[in-house]
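Below is one structure, written out as structure tokens; comments come after it.
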Amino acid sequence: MSLLKLSHVSAFYGPSQALFDVHLSLEPGQVLALMGRNGMGKSTTVKVICRMMKNRGGSIMFDGRDIARLKSYQAAKSGIGLVPEGRRCFSNLTVYENLIAAARPGQWNFAAVARLFPRLEERRDQLAASLSGGEQQMLAIGRALMTNPRLLILDEATEGLAPVVRQEIWAAIARLKAETGMAILVIDKSIKELGTVADTAVILEKGVSVWHGDFTDLTPDVTDTYLGV
């Protein structure tokens, strides 16, 4: 049974329709790449999954349960962890305070996050506002992991980061895939890096799922058609 399954999902911003017919399915332990050009509905799909935005039509199933009526905090409690675009760390809290702010019992605690990102141990008592962009991204991922999710969603987790930091983030995602049973949904523009971790892919075009399949089946024709400039 799929851990996450979206069928015929539509959503609106006021009178403007953003999602028309989104389908995706993610199995436990899989990594799914949600792809598409800017403005095609990827982040809106994430908002709908996390219940920060209501869907007008279709169904959203998580762990066999219809979650359409849940509030966002209830979706988080059910096991959906979000690393939002733009990081959104609590700037006036320390690294440690950020990490424990929404922590839930489980294998992911401060020690486990510090093993994944040793720099956070070094910065434990620093305010988040004083961290570099890469360190803030590590903190945002660690904060989501501390909720001990069954599904981790990463929305543009490497955007705007220096190449060396990007590689640290990709290495961490690869470790999460290899060492945990966590399902991961990742949005990123880098096909090369996505190819190192993703099992499957869904491509959105103007709020519609236009391609889905194994990541290895993505051909140059498909990427040129739906992802090229």
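Going by the structure tokens order, chains are called A, B, ..., each with residues numbered from 1, while ligands are numbered from 1 in the order shown.
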
Notebook entry, point to check: A:Ile153: which residues within 9 Å, counting only C-alpha atoms, same-chain residues fewer than 3 positions away excluded, as a ChimeraX atom specification?
Noted result: /A:46,80-84,144,183-187

Margin query: I'd like the neighbourhood of A:Gly39 as an MDAnalysis selection string, where a residue qualifies if any of its atoms comes within 12 Å (using only C-alpha atoms), though same-chain residues fewer than 2 positions away should be ignored.
Written below: chainID A and resid 18:19 35:37 41:45 204:208 227

Next item on the list: Could you please write out, as an MDAnalysis selection string, every residue of stretch 26-183 of chain A that DSSP assigns to strand (DSSP E)?
Entry: chainID A and resid 26 31:35 57:62 65:66 80:83 151:155 183

Determine, using only C-alpha atoms, which residues of stretch 92-132 of chain A have any atom at most 12 Å from an atom of stretch 67-77 of chain A, and tabulate each with its shortest atom pair and distance in Å to one decimal place, rows ordered by chain and then rising number, as a tab-separated table.
```
residue	atom	partner	partner_atom	distance
A:Ala102	CA	A:Ala76	CA	9.7
A:Ala103	CA	A:Lys77	CA	10.4
A:Arg104	CA	A:Lys77	CA	8.6
A:Pro105	CA	A:Lys77	CA	11.2
```

According to DSSP computed on the backbone, where in stretch 10-212 of chain A is there helix (DSSP H, G or I)? Give the residues as a tab-separated table (two decimals) with C-alpha atoms, in the first residue's frame.
```tsv
chain	number	residue	atom	x	y	z
A	42	LYS	CA	5.14	21.93	-7.13
A	43	SER	CA	5.10	24.04	-3.97
A	44	THR	CA	1.31	24.27	-4.12
A	45	THR	CA	1.18	20.47	-4.17
A	46	VAL	CA	3.39	20.43	-1.07
A	47	LYS	CA	1.09	22.91	0.67
A	48	VAL	CA	-1.89	20.69	-0.11
A	49	ILE	CA	-0.13	17.56	1.19
A	72	SER	CA	-1.68	21.38	9.19
A	73	TYR	CA	-0.56	20.55	12.73
A	74	GLN	CA	-2.56	17.33	12.59
A	75	ALA	CA	-0.86	16.38	9.31
A	76	ALA	CA	2.49	16.96	10.98
A	77	LYS	CA	1.48	14.79	13.94
A	95	VAL	CA	20.07	26.00	17.09
A	96	TYR	CA	19.13	23.69	19.94
A	97	GLU	CA	15.88	25.57	20.64
A	98	ASN	CA	14.93	25.38	16.95
A	99	LEU	CA	15.48	21.65	16.95
A	100	ILE	CA	13.44	20.87	20.05
A	110	PHE	CA	19.54	16.09	18.96
A	111	ALA	CA	22.34	13.52	19.05
A	112	ALA	CA	21.08	11.82	15.87
A	113	VAL	CA	20.72	15.14	14.03
A	114	ALA	CA	24.21	16.16	15.18
A	115	ARG	CA	25.61	12.94	13.70
A	116	LEU	CA	24.00	13.78	10.38
A	118	PRO	CA	28.06	17.82	12.95
A	119	ARG	CA	28.12	21.55	12.35
A	120	LEU	CA	24.86	21.89	14.28
A	121	GLU	CA	26.56	20.47	17.36
A	122	GLU	CA	29.27	23.11	17.00
A	128	ALA	CA	19.75	30.79	14.01
A	129	ALA	CA	20.05	34.31	12.62
A	130	SER	CA	23.84	34.11	12.98
A	133	GLY	CA	22.59	29.91	4.61
A	134	GLY	CA	23.90	26.36	4.42
A	135	GLU	CA	23.86	25.95	8.18
A	136	GLN	CA	20.29	27.26	8.31
A	137	GLN	CA	19.32	24.68	5.70
A	138	MET	CA	20.88	21.92	7.80
A	139	LEU	CA	18.94	23.28	10.76
A	140	ALA	CA	15.66	23.26	8.81
A	141	ILE	CA	16.23	19.62	7.81
A	142	GLY	CA	17.19	18.70	11.37
A	143	ARG	CA	14.10	20.42	12.75
A	144	ALA	CA	11.87	18.39	10.41
A	145	LEU	CA	13.66	15.16	11.34
A	163	PRO	CA	28.34	23.94	-4.35
A	164	VAL	CA	30.22	22.40	-1.41
A	165	VAL	CA	27.21	22.86	0.88
A	166	ARG	CA	24.86	21.51	-1.78
A	167	GLN	CA	26.93	18.34	-1.84
A	168	GLU	CA	26.66	18.04	1.96
A	169	ILE	CA	22.88	18.26	1.70
A	170	TRP	CA	22.70	15.66	-1.08
A	171	ALA	CA	24.99	13.36	0.90
A	172	ALA	CA	22.67	13.71	3.90
A	173	ILE	CA	19.62	12.84	1.76
A	174	ALA	CA	21.46	9.78	0.44
A	175	ARG	CA	22.22	8.71	4.02
A	176	LEU	CA	18.59	9.13	5.02
A	177	LYS	CA	17.54	6.93	2.12
A	178	ALA	CA	20.14	4.26	2.85
A	179	GLU	CA	19.87	4.15	6.63
A	191	ILE	CA	18.44	16.45	-12.49
A	192	LYS	CA	21.98	15.18	-11.98
A	193	GLU	CA	21.81	15.26	-8.17
A	194	LEU	CA	18.21	14.02	-8.10
```

Close residues, A:Asp66 itself excluded, 12 Å, only C-alpha atoms, min 6 positions apart in chain, as an mmCIF file with C-alpha atoms, in the first residue's frame:
```
data_model
loop_
_atom_site.group_PDB
_atom_site.id
_atom_site.type_symbol
_atom_site.label_atom_id
_atom_site.label_comp_id
_atom_site.auth_asym_id
_atom_site.auth_seq_id
_atom_site.Cartn_x
_atom_site.Cartn_y
_atom_site.Cartn_z
ATOM 1 C CA LEU A 3 2.269 5.676 2.046
ATOM 2 C CA LEU A 4 1.157 8.798 0.145
ATOM 3 C CA LYS A 5 -1.287 8.841 -2.748
ATOM 4 C CA LEU A 6 -2.788 11.867 -4.494
ATOM 5 C CA SER A 7 -5.551 11.311 -7.055
ATOM 6 C CA ILE A 49 -0.133 17.564 1.194
ATOM 7 C CA ARG A 51 -2.699 20.782 4.713
ATOM 8 C CA GLY A 58 -9.557 14.786 -5.539
ATOM 9 C CA SER A 59 -8.264 12.678 -2.671
ATOM 10 C CA ILE A 60 -5.151 12.758 -0.499
ATOM 11 C CA ALA A 75 -0.860 16.380 9.312
ATOM 12 C CA SER A 78 0.418 12.047 11.545
#
```
